[in-house]
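Asker: So that you have it, the file is entry01.pdb, and it contains PDB, C-alpha atoms:
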ATOM      1  CA  MET R  58     -49.081  45.973 -36.782
ATOM      2  CA  LYS R  59     -50.933  45.476 -33.510
ATOM      3  CA  ASN R  60     -53.980  47.622 -32.976
ATOM      4  CA  TYR R  61     -54.169  46.934 -29.245
ATOM      5  CA  GLY R  62     -52.029  47.559 -26.201
ATOM      6  CA  ILE R  63     -49.642  50.312 -25.213
ATOM      7  CA  PRO R  64     -45.861  50.509 -25.403
ATOM      8  CA  GLN R  65     -44.191  48.619 -22.586
ATOM      9  CA  GLY R  66     -42.428  50.936 -20.172
ATOM     10  CA  SER R  67     -44.522  53.987 -20.986
ATOM     11  CA  PRO R  68     -45.578  55.980 -17.900
ATOM     12  CA  ILE R  69     -49.207  54.979 -18.223
ATOM     13  CA  SER R  70     -48.628  51.239 -18.748
ATOM     14  CA  ASP R  71     -48.277  50.410 -15.031
ATOM     15  CA  LEU R  72     -51.361  52.421 -14.124
ATOM     16  CA  LEU R  73     -53.470  50.760 -16.816
ATOM     17  CA  ALA R  74     -52.173  47.307 -15.887
ATOM     18  CA  ASN R  75     -53.153  47.905 -12.274
ATOM     19  CA  ILE R  76     -56.639  49.100 -13.194
ATOM     20  CA  TYR R  77     -57.147  46.319 -15.741
ATOM     21  CA  LEU R  78     -56.099  43.578 -13.317
ATOM     22  CA  LEU R  79     -58.069  44.670 -10.232
ATOM     23  CA  LYS R  80     -60.679  41.901 -10.572
ATOM     24  CA  PHE R  81     -57.934  39.345 -11.226
ATOM     25  CA  ASP R  82     -56.149  40.559  -8.077
ATOM     26  CA  CYS R  83     -59.306  40.127  -5.998
ATOM     27  CA  ALA R  84     -59.938  36.615  -7.327
ATOM     28  CA  VAL R  85     -56.334  35.496  -6.779
ATOM     29  CA  ARG R  86     -56.082  37.113  -3.329
ATOM     30  CA  GLU R  87     -59.274  35.349  -2.227
ATOM     31  CA  ARG R  88     -58.071  31.978  -3.514
ATOM     32  CA  ILE R  89     -54.606  32.294  -1.943
ATOM     33  CA  ALA R  90     -56.036  33.535   1.379
ATOM     34  CA  LYS R  91     -58.162  30.371   1.617
ATOM     35  CA  LEU R  92     -54.909  28.403   1.421
ATOM     36  CA  GLY R  93     -53.331  30.530   4.166
ATOM     37  CA  GLY R  94     -51.054  32.367   1.763
ATOM     38  CA  VAL R  95     -50.425  35.868   0.460
ATOM     39  CA  TYR R  96     -50.480  37.432  -2.995
ATOM     40  CA  PHE R  97     -48.380  40.293  -4.323
ATOM     41  CA  ARG R  98     -48.419  41.943  -7.732
ATOM     42  CA  TYR R  99     -46.402  44.917  -8.885
ATOM     43  CA  SER R 100     -47.353  45.778 -12.453
ATOM     44  CA  ASP R 101     -46.691  42.496 -14.285
ATOM     45  CA  ASP R 102     -44.596  40.813 -11.564
ATOM     46  CA  ILE R 103     -46.639  38.340  -9.538
ATOM     47  CA  LEU R 104     -45.616  36.546  -6.349
ATOM     48  CA  LEU R 105     -47.692  33.906  -4.562
ATOM     49  CA  ILE R 106     -46.551  32.578  -1.194
ATOM     50  CA  CYS R 107     -48.519  29.780   0.391
ATOM     51  CA  PRO R 108     -48.107  26.560   2.329
ATOM     52  CA  GLY R 109     -48.444  23.214   0.644
ATOM     53  CA  GLY R 110     -45.238  22.188  -1.049
ATOM     54  CA  GLU R 111     -44.375  21.226  -4.596
ATOM     55  CA  ASP R 112     -47.726  19.849  -5.762
ATOM     56  CA  VAL R 113     -49.676  22.874  -4.519
ATOM     57  CA  GLY R 114     -47.131  25.253  -6.068
ATOM     58  CA  LYS R 115     -47.200  23.590  -9.483
ATOM     59  CA  SER R 116     -50.992  23.405  -9.432
ATOM     60  CA  LEU R 117     -51.290  27.104  -8.546
ATOM     61  CA  ALA R 118     -48.859  28.114 -11.290
ATOM     62  CA  TYR R 119     -50.998  26.256 -13.827
ATOM     63  CA  ASP R 120     -54.266  27.579 -12.379
ATOM     64  CA  MET R 121     -53.018  31.192 -12.546
ATOM     65  CA  ARG R 122     -52.166  30.803 -16.251
ATOM     66  CA  VAL R 123     -55.712  29.521 -16.878
ATOM     67  CA  MET R 124     -57.384  31.999 -14.524
ATOM     68  CA  ILE R 125     -55.897  35.154 -16.061
ATOM     69  CA  LYS R 126     -57.546  34.292 -19.402
ATOM     70  CA  LYS R 127     -60.933  34.910 -17.744
ATOM     71  CA  PHE R 128     -59.944  38.550 -17.277
ATOM     72  CA  GLY R 129     -58.742  39.161 -20.827
ATOM     73  CA  GLU R 130     -58.240  36.699 -23.673
ATOM     74  CA  LYS R 131     -54.918  38.276 -24.649
ATOM     75  CA  LEU R 132     -53.520  38.154 -21.092
ATOM     76  CA  VAL R 133     -50.805  35.534 -20.678
ATOM     77  CA  ILE R 134     -48.628  34.409 -17.803
ATOM     78  CA  LYS R 135     -45.676  32.933 -19.655
ATOM     79  CA  GLU R 136     -44.623  29.536 -18.375
ATOM     80  CA  LYS R 137     -40.987  30.190 -19.301
ATOM     81  CA  LYS R 138     -41.017  33.300 -17.077
ATOM     82  CA  SER R 139     -42.645  31.494 -14.137
ATOM     83  CA  SER R 140     -40.992  29.459 -11.428
ATOM     84  CA  VAL R 141     -42.093  27.456  -8.433
ATOM     85  CA  PHE R 142     -39.870  27.283  -5.358
ATOM     86  CA  VAL R 143     -40.296  25.199  -2.241
ATOM     87  CA  PHE R 144     -38.875  26.530   1.001
ATOM     88  CA  SER R 145     -38.212  23.927   3.666
ATOM     89  CA  SER R 146     -36.391  23.694   6.970
ATOM     90  CA  LYS R 147     -33.128  21.833   7.222
ATOM     91  CA  GLY R 148     -31.962  21.918  10.788
ATOM     92  CA  SER R 149     -31.853  25.549  11.855
ATOM     93  CA  THR R 150     -31.735  26.917   8.320
ATOM     94  CA  GLN R 151     -34.184  27.354   5.460
ATOM     95  CA  VAL R 152     -33.554  25.795   2.051
ATOM     96  CA  CYS R 153     -34.922  27.114  -1.257
ATOM     97  CA  THR R 154     -35.445  24.507  -3.984
ATOM     98  CA  LEU R 155     -36.494  25.282  -7.562
ATOM     99  CA  VAL R 156     -39.098  22.665  -8.537
ATOM    100  CA  GLN R 157     -40.437  24.162 -11.772
ATOM    101  CA  GLY R 158     -39.181  26.740 -14.242
ATOM    102  CA  GLU R 159     -35.852  28.216 -15.184
ATOM    103  CA  GLN R 160     -36.153  31.778 -13.883
ATOM    104  CA  ASP R 161     -33.316  31.575 -11.367
ATOM    105  CA  LYS R 162     -31.777  28.496  -9.895
ATOM    106  CA  ASN R 163     -30.137  30.575  -7.131
ATOM    107  CA  GLY R 164     -33.351  31.547  -5.374
ATOM    108  CA  LEU R 165     -36.584  33.438  -5.616
ATOM    109  CA  GLU R 166     -36.325  36.718  -7.541
ATOM    110  CA  TYR R 167     -38.843  39.507  -7.178
ATOM    111  CA  LEU R 168     -38.574  43.233  -7.918
ATOM    112  CA  GLY R 169     -34.795  43.336  -8.164
ATOM    113  CA  PHE R 170     -34.050  41.169  -5.143
ATOM    114  CA  ARG R 171     -33.158  37.504  -4.732
ATOM    115  CA  PHE R 172     -33.853  35.303  -1.693
ATOM    116  CA  ASP R 173     -32.046  31.983  -1.378
ATOM    117  CA  GLY R 174     -33.782  30.841   1.818
ATOM    118  CA  ARG R 175     -31.192  32.427   4.102
ATOM    119  CA  LYS R 176     -30.187  35.826   2.739
ATOM    120  CA  VAL R 177     -31.663  38.581   0.591
ATOM    121  CA  PHE R 178     -29.458  39.864  -2.229
ATOM    122  CA  ILE R 179     -29.752  42.766  -4.646
ATOM    123  CA  ARG R 180     -29.634  41.257  -8.134
ATOM    124  CA  ASP R 181     -26.577  42.079 -10.252
ATOM    125  CA  SER R 182     -28.772  43.536 -12.994
ATOM    126  CA  THR R 183     -30.384  45.860 -10.440
ATOM    127  CA  LEU R 184     -26.970  47.165  -9.421
ATOM    128  CA  SER R 185     -25.874  47.504 -13.059
ATOM    129  CA  ASN R 186     -28.983  49.536 -13.888
ATOM    130  CA  LEU R 187     -28.411  51.758 -10.866
ATOM    131  CA  TYR R 188     -24.753  52.302 -11.842
ATOM    132  CA  ARG R 189     -25.794  53.234 -15.403
ATOM    133  CA  LYS R 190     -28.394  55.721 -14.160
ATOM    134  CA  VAL R 191     -25.997  57.336 -11.673
ATOM    135  CA  THR R 192     -23.279  57.604 -14.345
ATOM    136  CA  ARG R 193     -25.684  59.086 -16.899
ATOM    137  CA  ASN R 194     -27.041  61.640 -14.404
ATOM    138  CA  ALA R 195     -23.567  62.621 -13.180
ATOM    139  CA  ARG R 196     -22.397  63.167 -16.772
ATOM    140  CA  SER R 197     -25.497  65.188 -17.558
ATOM    141  CA  ALA R 198     -24.967  67.378 -14.468
ATOM    142  CA  ALA R 199     -21.286  67.859 -15.356
ATOM    143  CA  VAL R 200     -22.092  68.865 -18.948
ATOM    144  CA  SER R 201     -24.757  71.273 -17.675
ATOM    145  CA  LEU R 202     -22.292  72.921 -15.265
ATOM    146  CA  VAL R 203     -19.605  73.248 -17.943
ATOM    147  CA  LYS R 204     -22.113  74.973 -20.245
ATOM    148  CA  ARG R 205     -23.376  77.233 -17.455
ATOM    149  CA  TYR R 206     -19.890  78.278 -16.317
ATOM    150  CA  PRO R 207     -17.637  78.256 -19.391
ATOM    151  CA  GLY R 208     -13.948  78.595 -18.668
ATOM    152  CA  LYS R 209     -14.192  77.517 -15.008
ATOM    153  CA  ASP R 210     -11.958  74.737 -13.782
ATOM    154  CA  ALA R 211     -12.988  71.441 -12.193
ATOM    155  CA  SER R 212     -12.431  72.640  -8.607
ATOM    156  CA  PHE R 213     -14.860  75.546  -9.168
ATOM    157  CA  LEU R 214     -17.441  73.288 -10.748
TER     158      LEU R 214
END
As structure tokens, how would this structure be written, given the file I've shared?
Answerer:
Amino acid sequence: MKNYGIPQGSPISDLLANIYLLKFDCAVRERIAKLGGVYFRYSDDILLICPGGEDVGKSLAYDMRVMIKKFGEKLVIKEKKSSVFVFSSKGSTQVCTLVQGEQDKNGLEYLGFRFDGRKVFIRDSTLSNLYRKVTRNARSAAVSLVKRYPGKDASFL
């Protein structure tokens, strides 16, 4: 049994993660800004965007895994959940190339969206989750109405 941490997905976990990682955020933001890039973090999803190509991207991915340890020995950025993409111009279009990791070979994924260099897509899993939630809520509302108005037909409800 672990005697540290909180259950993942609990309402307070995002708040505590944000508070706990404030100093990490400041350190990363400062480092990325010096490179002319930007840093985003939503809970445990991190996105770094900066110029420099493949070598800079791979180096930053490694450095972030080392750097986070300074802010908590149990904090880990999992290599298998990290990817490095290079965006480059090819004629009048932008090309997205995966150069490290296995996260998604079809483009950069962040917070339920995917970007392939040309278009932004809603991920299939995001749509599936939305469909499940809508279905569950519609069923719950229907059951509630049936209980509230027993004997009424569907057109009334």
Asker: Just how far from atom CA of R:Val143 is atom CA of R:Leu92, in Å to one decimal?
Answerer: 15.4 Å
Asker: Is there a way to get, as a short mmCIF file (atom, residue, chain, number, x, y, z; two decimals) with C-alpha atoms, keeping the file's coordinate frame, all residues within 7 Å of the point (-42.1, 20.0, -9.3) in file coordinates, counting only C-alpha atoms?
Answerer:
data_model
loop_
_atom_site.label_atom_id
_atom_site.label_comp_id
_atom_site.auth_asym_id
_atom_site.auth_seq_id
_atom_site.Cartn_x
_atom_site.Cartn_y
_atom_site.Cartn_z
CA GLU R 111 -44.38 21.23 -4.60
CA ASP R 112 -47.73 19.85 -5.76
CA LYS R 115 -47.20 23.59 -9.48
CA VAL R 156 -39.10 22.66 -8.54
CA GLN R 157 -40.44 24.16 -11.77
#
Asker: Near R:Leu105, counting all atoms listed in the file, which residues have an atom at most 9 Å away, once you skip same-chain residues fewer than 3 positions from it, shown as a ChimeraX atom specification?
Answerer: /R:89,94-98,114,117-118
Asker: Taking all atoms of stretch 130-146 of chain R that the file lists and extending 8 Å past them on each side, where is the centre of the axis-aligned box and how long are its edges? Answer in Å to one decimal, as JSON.
Answerer:
{"center_x": -47.3, "center_y": 31.0, "center_z": -8.8, "size_x": 37.8, "size_y": 30.6, "size_z": 47.6}
Asker: Determine, using only C-alpha atoms, which residues of stretch 107-135 of chain R have any atom at most 9 Å from an atom of stretch 75-79 of chain R, and tabulate each with its shortest atom pair and distance in Å to one decimal place, rows ordered by chain and then rising number, as CSV.
Answerer:
residue,atom,partner,partner_atom,distance
R:Ile125,CA,R:Leu78,CA,8.9
R:Phe128,CA,R:Leu78,CA,7.5
R:Gly129,CA,R:Tyr77,CA,8.9
Asker: Taking into account only C-alpha atoms, which residue in the set R:Val152, R:Arg205, R:Lys190, R:Ser100 is nearest to R:Ile69?
Answerer: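 Under the stated criterion, the closest residue is R:Ser100.
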Asker: Here is a test: counting only C-alpha atoms, which residue of R:Lys135, R:Lys80, R:Lys204, R:Arg196 is nearest to R:Arg122?
Answerer: R:Lys135
Asker: Tell me, in Å to one decimal, how far atom CA of R:Ala199 is from atom CA of R:Ala211.
Answerer: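 If I compute the distance from atom CA of R:Ala199 to atom CA of R:Ala211, I get 9.6 Å.
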Asker: Can you find the residues with an atom no farther than 7 Å from (-35.1, 26.1, -7.2), counting all atoms listed in the file, and report them as a ChimeraX atom specification?
Answerer: /R:142,153-156,162-164
Asker: So the first atom is atom CA of R:Phe170 and the second is atom CA of R:Glu136; what is the distance between them in Å, to one decimal place?
Answerer: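 Result for atom CA of R:Phe170 versus atom CA of R:Glu136: 20.5 Å, one decimal.
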Asker: Pick out the residues sitting within 9 Å of R:Met124, and hand them over as a ChimeraX atom specification; count only C-alpha atoms, and ignore anything fewer than 3 positions along from it in its own chain.
Answerer: /R:81,84-85,119-121,127-128
Asker: Applied to the shown file, which residues does the PyMOL selection byres ((chain R and resi 158) around 6) return, written as a PyMOL selection string?
Answerer: chain R and resi 139-140+157+159-160
